[in-house]
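Only one structure is covered here, and it is reproduced in the block below.
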Amino acid sequence: MLNKNELINIRRHLHQIPELALHEKQTHDYLIEIIKNFKQDNLEIYVPEQLPTSILVLVHGKCPKRTIAYRADIDALPIVEKTGLNFASNHPAVMHACGHDIHMTVALGLLDYFSENQPKDNLLFFFQPAEESESGAKLAYDNGIFQGKWKPDEFYGLHINPALPAGAIGCLNGTLFGGTTEVDIDIYGKGGHAAFPQDANDTVVASASLIMQIQTIISRSIDPIQSGVITLGKVEAGTIRNVIASHTRIEGTIRGLTQKMILNIDRRLQEVCEGIAKSYNVKVELKLNQGGYWPVENNSDLACEFISYMKNNPNVTYIETSPAMTGEDFGFLLNKFPGVMFWLGVEDDSQLHCATLTPNEDSIYKGITAIKGFLINRMEK
């Protein structure tokens with residue numbers, strides 16, 4: 001079985017070969033190489049043609065009454081690494097700045113253990129591409145990958161958290177991460193000379209009003225004891241100071257703690273856009289793209305069991321966390337299958353998606369030990 005040093009070496013190799021969504025070929029091949037070195041007696045490996053950089057590994061149980069799935073995402077981010085590590089990324093402008101190298105290593109450690117120690121229930125390990133973009137979880141589901149013996153009864157997955165001590169487990173019963181929706185708004189009017197505004201339809205003025213109206217959606221259409229966010233991070237219009245712009249583009253994001261809330265925000269945003277179009281005699285086109293980035297809503301019963309186990313395990317540091325508005329496409333899978341997502345502390349001063357993120361590698365073995373214990377306990381239920 002893999003020891004601590006071997007696990008750290010695997011993580012460091014993965015860290016050196018980060019790849020972007022749906023292009024994780026080198027990562028995929030390395031994972032397959034490691035998995036094929038495990039005891040194969042009870043393992044079955046499946047690489048779907050529909051999603052060729054994904055890997056599913058079924059560990060056949062002794063007397064299964066359920067299939068418990070565990071997800072590890074494998075893609076990286078378009079970030080220039082600035083850690084100064086001697087095992088820094090070998091791929092220019094690509095980095096595991098969200099900790100997926102840790103995610104994969106923990107999953108490999110778990111798989112290694114259960115390949116040597118046959119579980120009671122079936123265990124399904126899903127090495128998932130394209131979490132950071134392209135909604136890999138949704139792609140997998142929509143392509144019918146989770147069918148037959150590859151269909152889980154429940155799903156678990158982790159995300160690293162630099163703010164928690166190395167190896168600590170964080171969770172809550174409810175929404176762990178908010179859902180996200182990309183917002184693109186194009187306003188089309190009539191351009192003209194700055195001196196003759198009466199002969200034009202100014203999209204900059206319309207966009208200014210629209211941006212201010214959108215801010216009222218959260219303050220006046222969302223329950224104040226709940227939480228939602230609309231951020232408009234990019235506005236482009238015009239070519240020169242003395243010409244009225246005929247087109248303005250606004251790009252932003254919606255975040256919400258429940259899918260119902262996100263759909264409510266979507267509806268109100270559409271209504272506001274329609275109102276601005278009428279008020280300013282312009283054409284407003286709204287495009288909303290959520291993909292698979294649904295809120296990560298933990299199943300209440302399974303979360304209670306998970307939290308109870310972690311709280312009562314004297315070898316685990318358990319910390320109850322608050323919801324975060326970061327996006328995660330594991331939320332789509334939790335909408336289709338009951339399950340739990342949780343944090344694994346990696347104790348670092350840098351935040352997620354930061355070029356200097358340097359997770360504490362002590363978290364790997366501690367995480368494997370805690371999760372392994374929970375899965376064994378869960379299979380006794």
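Labeling convention for the structure tokens: chains A, B, ... as they appear, residues from 1 per chain, ligands from 1 in order of appearance.
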What's the 12 Å shell around range 84-89 of chain A, counting only C-alpha atoms, without same-chain residues fewer than 2 positions away, as a CSV table (one decimal) with N, CA and C atoms, in the first residue's frame?
```csv
chain,number,residue,atom,x,y,z
A,8,ILE,N,2.9,11.6,-1.4
A,8,ILE,CA,3.4,13.0,-1.7
A,8,ILE,C,4.1,13.1,-3.0
A,9,ASN,N,4.9,12.0,-3.4
A,9,ASN,CA,5.5,12.0,-4.7
A,9,ASN,C,4.5,12.0,-5.8
A,10,ILE,N,3.4,11.2,-5.6
A,10,ILE,CA,2.4,11.2,-6.6
A,10,ILE,C,1.8,12.6,-6.8
A,11,ARG,N,1.5,13.2,-5.6
A,11,ARG,CA,0.9,14.6,-5.7
A,11,ARG,C,1.8,15.5,-6.4
A,12,ARG,N,3.1,15.4,-6.1
A,12,ARG,CA,4.1,16.4,-6.8
A,12,ARG,C,4.2,16.1,-8.3
A,13,HIS,N,4.1,14.9,-8.7
A,13,HIS,CA,4.1,14.6,-10.1
A,13,HIS,C,2.9,15.2,-10.8
A,14,LEU,N,1.7,15.0,-10.2
A,14,LEU,CA,0.5,15.5,-10.7
A,14,LEU,C,0.6,17.1,-10.8
A,15,HIS,N,1.2,17.6,-9.8
A,15,HIS,CA,1.3,19.1,-9.7
A,15,HIS,C,2.1,19.6,-10.9
A,16,GLN,N,3.1,18.8,-11.4
A,16,GLN,CA,3.9,19.2,-12.5
A,16,GLN,C,3.3,19.1,-13.9
A,17,ILE,N,2.2,18.4,-13.9
A,17,ILE,CA,1.6,18.2,-15.3
A,17,ILE,C,0.1,18.7,-15.3
A,18,PRO,N,-0.2,19.9,-14.9
A,18,PRO,CA,-1.6,20.4,-14.9
A,18,PRO,C,-2.1,20.6,-16.3
A,19,GLU,N,-3.3,20.3,-16.5
A,19,GLU,CA,-3.9,20.4,-17.9
A,19,GLU,C,-5.3,21.0,-17.7
A,76,ALA,N,-7.0,21.6,-14.3
A,76,ALA,CA,-6.3,22.7,-13.6
A,76,ALA,C,-6.7,24.1,-14.2
A,77,LEU,N,-6.0,25.1,-13.8
A,77,LEU,CA,-6.5,26.5,-14.1
A,77,LEU,C,-5.4,27.2,-15.0
A,78,PRO,N,-5.9,28.1,-15.9
A,78,PRO,CA,-4.9,28.9,-16.7
A,78,PRO,C,-4.2,30.0,-15.9
A,79,ILE,N,-3.4,29.6,-15.0
A,79,ILE,CA,-2.7,30.5,-14.1
A,79,ILE,C,-1.1,30.3,-14.2
A,80,VAL,N,-0.4,31.3,-14.2
A,80,VAL,CA,1.1,31.2,-14.2
A,80,VAL,C,1.5,31.0,-12.7
A,81,GLU,N,2.1,29.8,-12.4
A,81,GLU,CA,2.5,29.5,-11.1
A,81,GLU,C,3.6,30.4,-10.6
A,82,LYS,N,3.5,30.8,-9.3
A,82,LYS,CA,4.5,31.6,-8.6
A,82,LYS,C,4.9,31.1,-7.3
A,91,HIS,N,4.0,23.0,-17.3
A,91,HIS,CA,3.1,23.4,-18.4
A,91,HIS,C,2.9,24.9,-18.3
A,92,PRO,N,3.4,25.7,-19.3
A,92,PRO,CA,3.4,27.2,-19.2
A,92,PRO,C,1.9,27.7,-19.0
A,93,ALA,N,1.8,28.6,-18.0
A,93,ALA,CA,0.6,29.3,-17.7
A,93,ALA,C,-0.6,28.4,-17.4
A,94,VAL,N,-0.3,27.2,-16.8
A,94,VAL,CA,-1.3,26.3,-16.3
A,94,VAL,C,-0.8,25.8,-14.9
A,95,MET,N,-1.7,25.7,-14.0
A,95,MET,CA,-1.4,25.4,-12.6
A,95,MET,C,-2.5,24.7,-11.8
A,96,HIS,N,-2.2,23.8,-11.0
A,96,HIS,CA,-3.2,23.2,-10.0
A,96,HIS,C,-3.3,24.2,-8.9
A,97,ALA,N,-4.0,25.3,-9.2
A,97,ALA,CA,-4.2,26.4,-8.2
A,97,ALA,C,-5.5,26.2,-7.4
A,101,ASP,N,-4.7,18.5,-7.6
A,101,ASP,CA,-3.6,17.5,-7.4
A,101,ASP,C,-3.8,16.8,-6.0
A,355,ALA,N,-1.9,32.1,-7.5
A,355,ALA,CA,-0.6,31.6,-8.1
A,355,ALA,C,0.4,31.1,-7.1
A,356,THR,N,0.2,31.5,-5.9
A,356,THR,CA,1.2,31.0,-4.8
A,356,THR,C,0.6,30.0,-3.9
A,357,LEU,N,-0.5,29.4,-4.2
A,357,LEU,CA,-1.1,28.3,-3.4
A,357,LEU,C,-0.2,27.2,-3.2
A,358,THR,N,0.1,26.9,-1.9
A,358,THR,CA,1.0,25.8,-1.6
A,358,THR,C,0.4,25.0,-0.4
A,359,PRO,N,-0.4,24.0,-0.8
A,359,PRO,CA,-1.1,23.2,0.3
A,359,PRO,C,-0.1,22.4,1.1
```
Name the residues of range 89-192 of chain A that fall into strand (DSSP E or B) according to DSSP on the backbone, using the chain letters and numbers of this document, as a VMD selection string.
-> chain A and resid 95 122 to 128 154 to 161 169 to 171 175 to 177 179 to 188 190 192
Keeping only C-alpha atoms, take the residues you just selected and write them out as a PDB file, in the first residue's frame.
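Listed below is the output, part-v6.pdb:
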```pdb
ATOM      1  CA  MET A  95      -1.367  25.402 -12.580  1.00  0.00           C
ATOM      2  CA  ASN A 122     -19.370  -1.475  -4.018  1.00  0.00           C
ATOM      3  CA  LEU A 123     -17.203   1.647  -4.234  1.00  0.00           C
ATOM      4  CA  LEU A 124     -17.126   3.723  -7.412  1.00  0.00           C
ATOM      5  CA  PHE A 125     -14.259   6.171  -7.931  1.00  0.00           C
ATOM      6  CA  PHE A 126     -14.906   8.887 -10.513  1.00  0.00           C
ATOM      7  CA  PHE A 127     -11.869  10.826 -11.718  1.00  0.00           C
ATOM      8  CA  GLN A 128     -13.668  13.737 -13.337  1.00  0.00           C
ATOM      9  CA  GLU A 154     -24.794   8.078  -3.124  1.00  0.00           C
ATOM     10  CA  PHE A 155     -21.900  10.411  -3.949  1.00  0.00           C
ATOM     11  CA  TYR A 156     -19.109  11.990  -1.865  1.00  0.00           C
ATOM     12  CA  GLY A 157     -16.356  14.450  -2.710  1.00  0.00           C
ATOM     13  CA  LEU A 158     -14.018  16.943  -1.096  1.00  0.00           C
ATOM     14  CA  HIS A 159     -12.505  20.333  -1.799  1.00  0.00           C
ATOM     15  CA  ILE A 160      -9.347  21.654  -0.188  1.00  0.00           C
ATOM     16  CA  ASN A 161      -9.611  24.666   2.109  1.00  0.00           C
ATOM     17  CA  ILE A 169     -12.517  18.100   7.903  1.00  0.00           C
ATOM     18  CA  GLY A 170     -15.075  20.869   7.433  1.00  0.00           C
ATOM     19  CA  CYS A 171     -18.720  20.460   6.547  1.00  0.00           C
ATOM     20  CA  THR A 175     -25.563  24.170   1.160  1.00  0.00           C
ATOM     21  CA  LEU A 176     -21.762  24.055   1.208  1.00  0.00           C
ATOM     22  CA  PHE A 177     -21.193  26.032  -2.010  1.00  0.00           C
ATOM     23  CA  GLY A 179     -24.503  27.750  -7.477  1.00  0.00           C
ATOM     24  CA  THR A 180     -23.244  30.011 -10.244  1.00  0.00           C
ATOM     25  CA  THR A 181     -24.635  31.322 -13.501  1.00  0.00           C
ATOM     26  CA  GLU A 182     -22.743  33.288 -16.135  1.00  0.00           C
ATOM     27  CA  VAL A 183     -24.543  36.449 -17.268  1.00  0.00           C
ATOM     28  CA  ASP A 184     -24.043  38.049 -20.693  1.00  0.00           C
ATOM     29  CA  ILE A 185     -26.096  41.119 -21.621  1.00  0.00           C
ATOM     30  CA  ASP A 186     -25.919  42.852 -25.017  1.00  0.00           C
ATOM     31  CA  ILE A 187     -27.673  46.193 -25.456  1.00  0.00           C
ATOM     32  CA  TYR A 188     -28.234  47.405 -29.009  1.00  0.00           C
ATOM     33  CA  LYS A 190     -28.629  53.611 -32.414  1.00  0.00           C
ATOM     34  CA  GLY A 192     -24.733  58.982 -33.341  1.00  0.00           C
TER      35      GLY A 192
END
```
Test item: residues at most 12 Å from Thr326 in chain A, only C-alpha atoms, excluding those fewer than 2 positions along its chain, as an MDAnalysis selection string = chainID A and resid 98 132 159 161 175:181 228:229 253:257 293:296 322:324 328:331 351:353
Can I get the selection written as a PDB file, in the first residue's frame, with C-alpha atoms?
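Writing done, so here's part_2.pdb:
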```
ATOM      1  CA  CYS A  98      -7.416  24.837  -6.871  1.00  0.00           C
ATOM      2  CA  GLU A 132     -13.104  24.363 -13.551  1.00  0.00           C
ATOM      3  CA  HIS A 159     -12.505  20.333  -1.799  1.00  0.00           C
ATOM      4  CA  ASN A 161      -9.611  24.666   2.109  1.00  0.00           C
ATOM      5  CA  THR A 175     -25.563  24.170   1.160  1.00  0.00           C
ATOM      6  CA  LEU A 176     -21.762  24.055   1.208  1.00  0.00           C
ATOM      7  CA  PHE A 177     -21.193  26.032  -2.010  1.00  0.00           C
ATOM      8  CA  GLY A 178     -23.476  28.365  -3.896  1.00  0.00           C
ATOM      9  CA  GLY A 179     -24.503  27.750  -7.477  1.00  0.00           C
ATOM     10  CA  THR A 180     -23.244  30.011 -10.244  1.00  0.00           C
ATOM     11  CA  THR A 181     -24.635  31.322 -13.501  1.00  0.00           C
ATOM     12  CA  GLY A 228     -27.556  35.746  -3.250  1.00  0.00           C
ATOM     13  CA  VAL A 229     -25.057  37.751  -5.262  1.00  0.00           C
ATOM     14  CA  THR A 253     -22.122  36.217 -12.551  1.00  0.00           C
ATOM     15  CA  ILE A 254     -25.008  35.160 -10.318  1.00  0.00           C
ATOM     16  CA  ARG A 255     -24.433  33.218  -7.093  1.00  0.00           C
ATOM     17  CA  GLY A 256     -27.140  31.655  -4.948  1.00  0.00           C
ATOM     18  CA  LEU A 257     -27.441  29.107  -2.143  1.00  0.00           C
ATOM     19  CA  TYR A 293     -22.618  24.662 -11.517  1.00  0.00           C
ATOM     20  CA  TRP A 294     -25.630  24.106  -9.273  1.00  0.00           C
ATOM     21  CA  PRO A 295     -25.594  24.782  -5.533  1.00  0.00           C
ATOM     22  CA  VAL A 296     -23.784  22.071  -3.591  1.00  0.00           C
ATOM     23  CA  SER A 322     -20.310  28.373   6.797  1.00  0.00           C
ATOM     24  CA  PRO A 323     -21.616  28.317   3.216  1.00  0.00           C
ATOM     25  CA  ALA A 324     -19.302  29.746   0.550  1.00  0.00           C
ATOM     26  CA  GLU A 328     -18.517  23.639  -7.934  1.00  0.00           C
ATOM     27  CA  ASP A 329     -20.090  21.348 -10.524  1.00  0.00           C
ATOM     28  CA  PHE A 330     -20.356  18.594  -7.905  1.00  0.00           C
ATOM     29  CA  GLY A 331     -23.607  20.396  -7.081  1.00  0.00           C
ATOM     30  CA  GLN A 351      -6.333  31.493  -1.305  1.00  0.00           C
ATOM     31  CA  LEU A 352      -7.812  29.105  -3.838  1.00  0.00           C
ATOM     32  CA  HIS A 353      -7.039  30.081  -7.455  1.00  0.00           C
TER      33      HIS A 353
END
```
What lies within 9 Å of Cys63 in chain A using only C-alpha atoms, ignoring chain neighbours under 3 positions off, as a PDB file with C-alpha atoms, in the first residue's frame?
```
ATOM      1  CA  HIS A  60     -16.563  -4.781  -6.157  1.00  0.00           C
ATOM      2  CA  PRO A 119     -15.097  -3.235   0.991  1.00  0.00           C
ATOM      3  CA  LYS A 120     -18.484  -4.520   2.051  1.00  0.00           C
ATOM      4  CA  ASP A 121     -20.358  -2.363  -0.487  1.00  0.00           C
ATOM      5  CA  ASN A 122     -19.370  -1.475  -4.018  1.00  0.00           C
TER       6      ASN A 122
END
```
Tell me which protein, DNA and RNA residues are within 12 Å of Ser279 in chain A, counting only C-alpha atoms, leaving out same-chain ones fewer than 2 positions away, and put them as a VMD selection string.
-> chain A and resid 201 to 203 205 to 207 209 to 210 272 to 277 281 to 284
Requested write-out: N, CA and C atoms of the selected residues, as a CSV table (one decimal), in the first residue's frame:
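As written to disk, selection_38.csv reads:
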```
chain,number,residue,atom,x,y,z
A,201,ASN,N,-30.0,56.4,-29.8
A,201,ASN,CA,-30.5,55.6,-28.6
A,201,ASN,C,-29.2,55.1,-27.9
A,202,ASP,N,-28.9,55.8,-26.8
A,202,ASP,CA,-27.6,55.7,-26.2
A,202,ASP,C,-27.6,54.4,-25.3
A,203,THR,N,-26.8,53.4,-25.7
A,203,THR,CA,-26.7,52.2,-25.0
A,203,THR,C,-25.9,52.3,-23.7
A,205,VAL,N,-26.1,54.9,-21.6
A,205,VAL,CA,-27.0,55.4,-20.6
A,205,VAL,C,-28.0,54.3,-20.2
A,206,ALA,N,-28.4,53.5,-21.2
A,206,ALA,CA,-29.3,52.4,-20.9
A,206,ALA,C,-28.6,51.4,-20.0
A,207,SER,N,-27.3,51.1,-20.3
A,207,SER,CA,-26.6,50.2,-19.5
A,207,SER,C,-26.4,50.6,-18.0
A,209,SER,N,-28.4,52.5,-16.3
A,209,SER,CA,-29.7,52.3,-15.6
A,209,SER,C,-29.9,50.9,-15.3
A,210,LEU,N,-29.6,50.0,-16.3
A,210,LEU,CA,-29.8,48.6,-16.1
A,210,LEU,C,-28.9,48.1,-15.0
A,272,VAL,N,-36.2,42.8,-15.6
A,272,VAL,CA,-35.5,44.1,-15.5
A,272,VAL,C,-35.0,44.4,-16.9
A,273,CYS,N,-34.4,43.5,-17.6
A,273,CYS,CA,-33.9,43.7,-18.9
A,273,CYS,C,-35.0,44.1,-19.9
A,274,GLU,N,-36.1,43.5,-19.8
A,274,GLU,CA,-37.3,43.8,-20.6
A,274,GLU,C,-37.8,45.2,-20.3
A,275,GLY,N,-37.8,45.6,-19.1
A,275,GLY,CA,-38.2,46.9,-18.7
A,275,GLY,C,-37.2,48.0,-19.2
A,276,ILE,N,-35.9,47.8,-19.2
A,276,ILE,CA,-35.0,48.7,-19.7
A,276,ILE,C,-35.1,48.9,-21.2
A,277,ALA,N,-35.3,47.8,-21.9
A,277,ALA,CA,-35.5,47.8,-23.3
A,277,ALA,C,-36.7,48.7,-23.7
A,281,ASN,N,-35.9,52.3,-25.4
A,281,ASN,CA,-36.1,52.0,-26.8
A,281,ASN,C,-34.8,51.4,-27.4
A,282,VAL,N,-34.3,50.4,-26.7
A,282,VAL,CA,-33.2,49.7,-27.1
A,282,VAL,C,-33.5,48.2,-27.1
A,283,LYS,N,-32.7,47.4,-27.8
A,283,LYS,CA,-32.8,45.9,-27.7
A,283,LYS,C,-31.9,45.4,-26.7
A,284,VAL,N,-32.4,44.6,-25.8
A,284,VAL,CA,-31.6,43.9,-24.8
A,284,VAL,C,-31.6,42.4,-24.9
```
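You will find CA of Glu24 in chain A at 19.7 Å from CA of Asp142 in chain A.
Picture a line from CA of Glu285 in chain A to CA of Asp266 in chain A; it runs 13.4 Å.
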Which residues come within 8 Å of Val340 in chain A, counting only C-alpha atoms, excluding same-chain residues fewer than 5 positions away, as a PDB file with N, CA and C atoms, in the first residue's frame?
```pdb
ATOM      1  N   PHE A 155     -23.130   9.829  -3.417  1.00  0.00           N
ATOM      2  CA  PHE A 155     -21.900  10.411  -3.949  1.00  0.00           C
ATOM      3  C   PHE A 155     -21.218  11.263  -2.880  1.00  0.00           C
ATOM      4  N   TYR A 156     -19.888  11.174  -2.801  1.00  0.00           N
ATOM      5  CA  TYR A 156     -19.109  11.990  -1.865  1.00  0.00           C
ATOM      6  C   TYR A 156     -17.942  12.643  -2.616  1.00  0.00           C
ATOM      7  N   GLY A 157     -17.505  13.779  -2.122  1.00  0.00           N
ATOM      8  CA  GLY A 157     -16.356  14.450  -2.710  1.00  0.00           C
ATOM      9  C   GLY A 157     -15.859  15.536  -1.779  1.00  0.00           C
ATOM     10  N   GLU A 297     -25.765  21.248  -2.487  1.00  0.00           N
ATOM     11  CA  GLU A 297     -26.712  21.061  -1.389  1.00  0.00           C
ATOM     12  C   GLU A 297     -26.546  19.647  -0.832  1.00  0.00           C
ATOM     13  N   ASN A 298     -25.945  19.541   0.327  1.00  0.00           N
ATOM     14  CA  ASN A 298     -25.723  18.231   0.942  1.00  0.00           C
ATOM     15  C   ASN A 298     -27.031  17.581   1.360  1.00  0.00           C
ATOM     16  N   ASN A 299     -27.122  16.274   1.131  1.00  0.00           N
ATOM     17  CA  ASN A 299     -28.274  15.515   1.594  1.00  0.00           C
ATOM     18  C   ASN A 299     -28.311  15.536   3.121  1.00  0.00           C
ATOM     19  N   LEU A 302     -27.523  12.061   5.044  1.00  0.00           N
ATOM     20  CA  LEU A 302     -26.136  11.623   4.868  1.00  0.00           C
ATOM     21  C   LEU A 302     -25.161  12.613   5.504  1.00  0.00           C
ATOM     22  N   ALA A 303     -25.493  13.909   5.426  1.00  0.00           N
ATOM     23  CA  ALA A 303     -24.630  14.915   6.057  1.00  0.00           C
ATOM     24  C   ALA A 303     -24.614  14.732   7.568  1.00  0.00           C
ATOM     25  N   PHE A 306     -22.359  11.820   8.251  1.00  0.00           N
ATOM     26  CA  PHE A 306     -20.968  12.178   7.992  1.00  0.00           C
ATOM     27  C   PHE A 306     -20.418  13.056   9.116  1.00  0.00           C
ATOM     28  N   LEU A 334     -24.986  16.190  -6.972  1.00  0.00           N
ATOM     29  CA  LEU A 334     -25.781  16.089  -5.744  1.00  0.00           C
ATOM     30  C   LEU A 334     -27.256  16.371  -5.997  1.00  0.00           C
TER      31      LEU A 334
END
```
Give me, please, the distance in Å between CA of Ala166 in chain A and CA of His100 in chain A, quoted to one decimal.
-> 15.7 Å
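Between Leu375 in chain A and the candidates A:Thr27, A:Asn90, A:Gln50, A:Thr67, the tightest atom-to-atom separation, counting only C-alpha atoms, involves A:Thr67.
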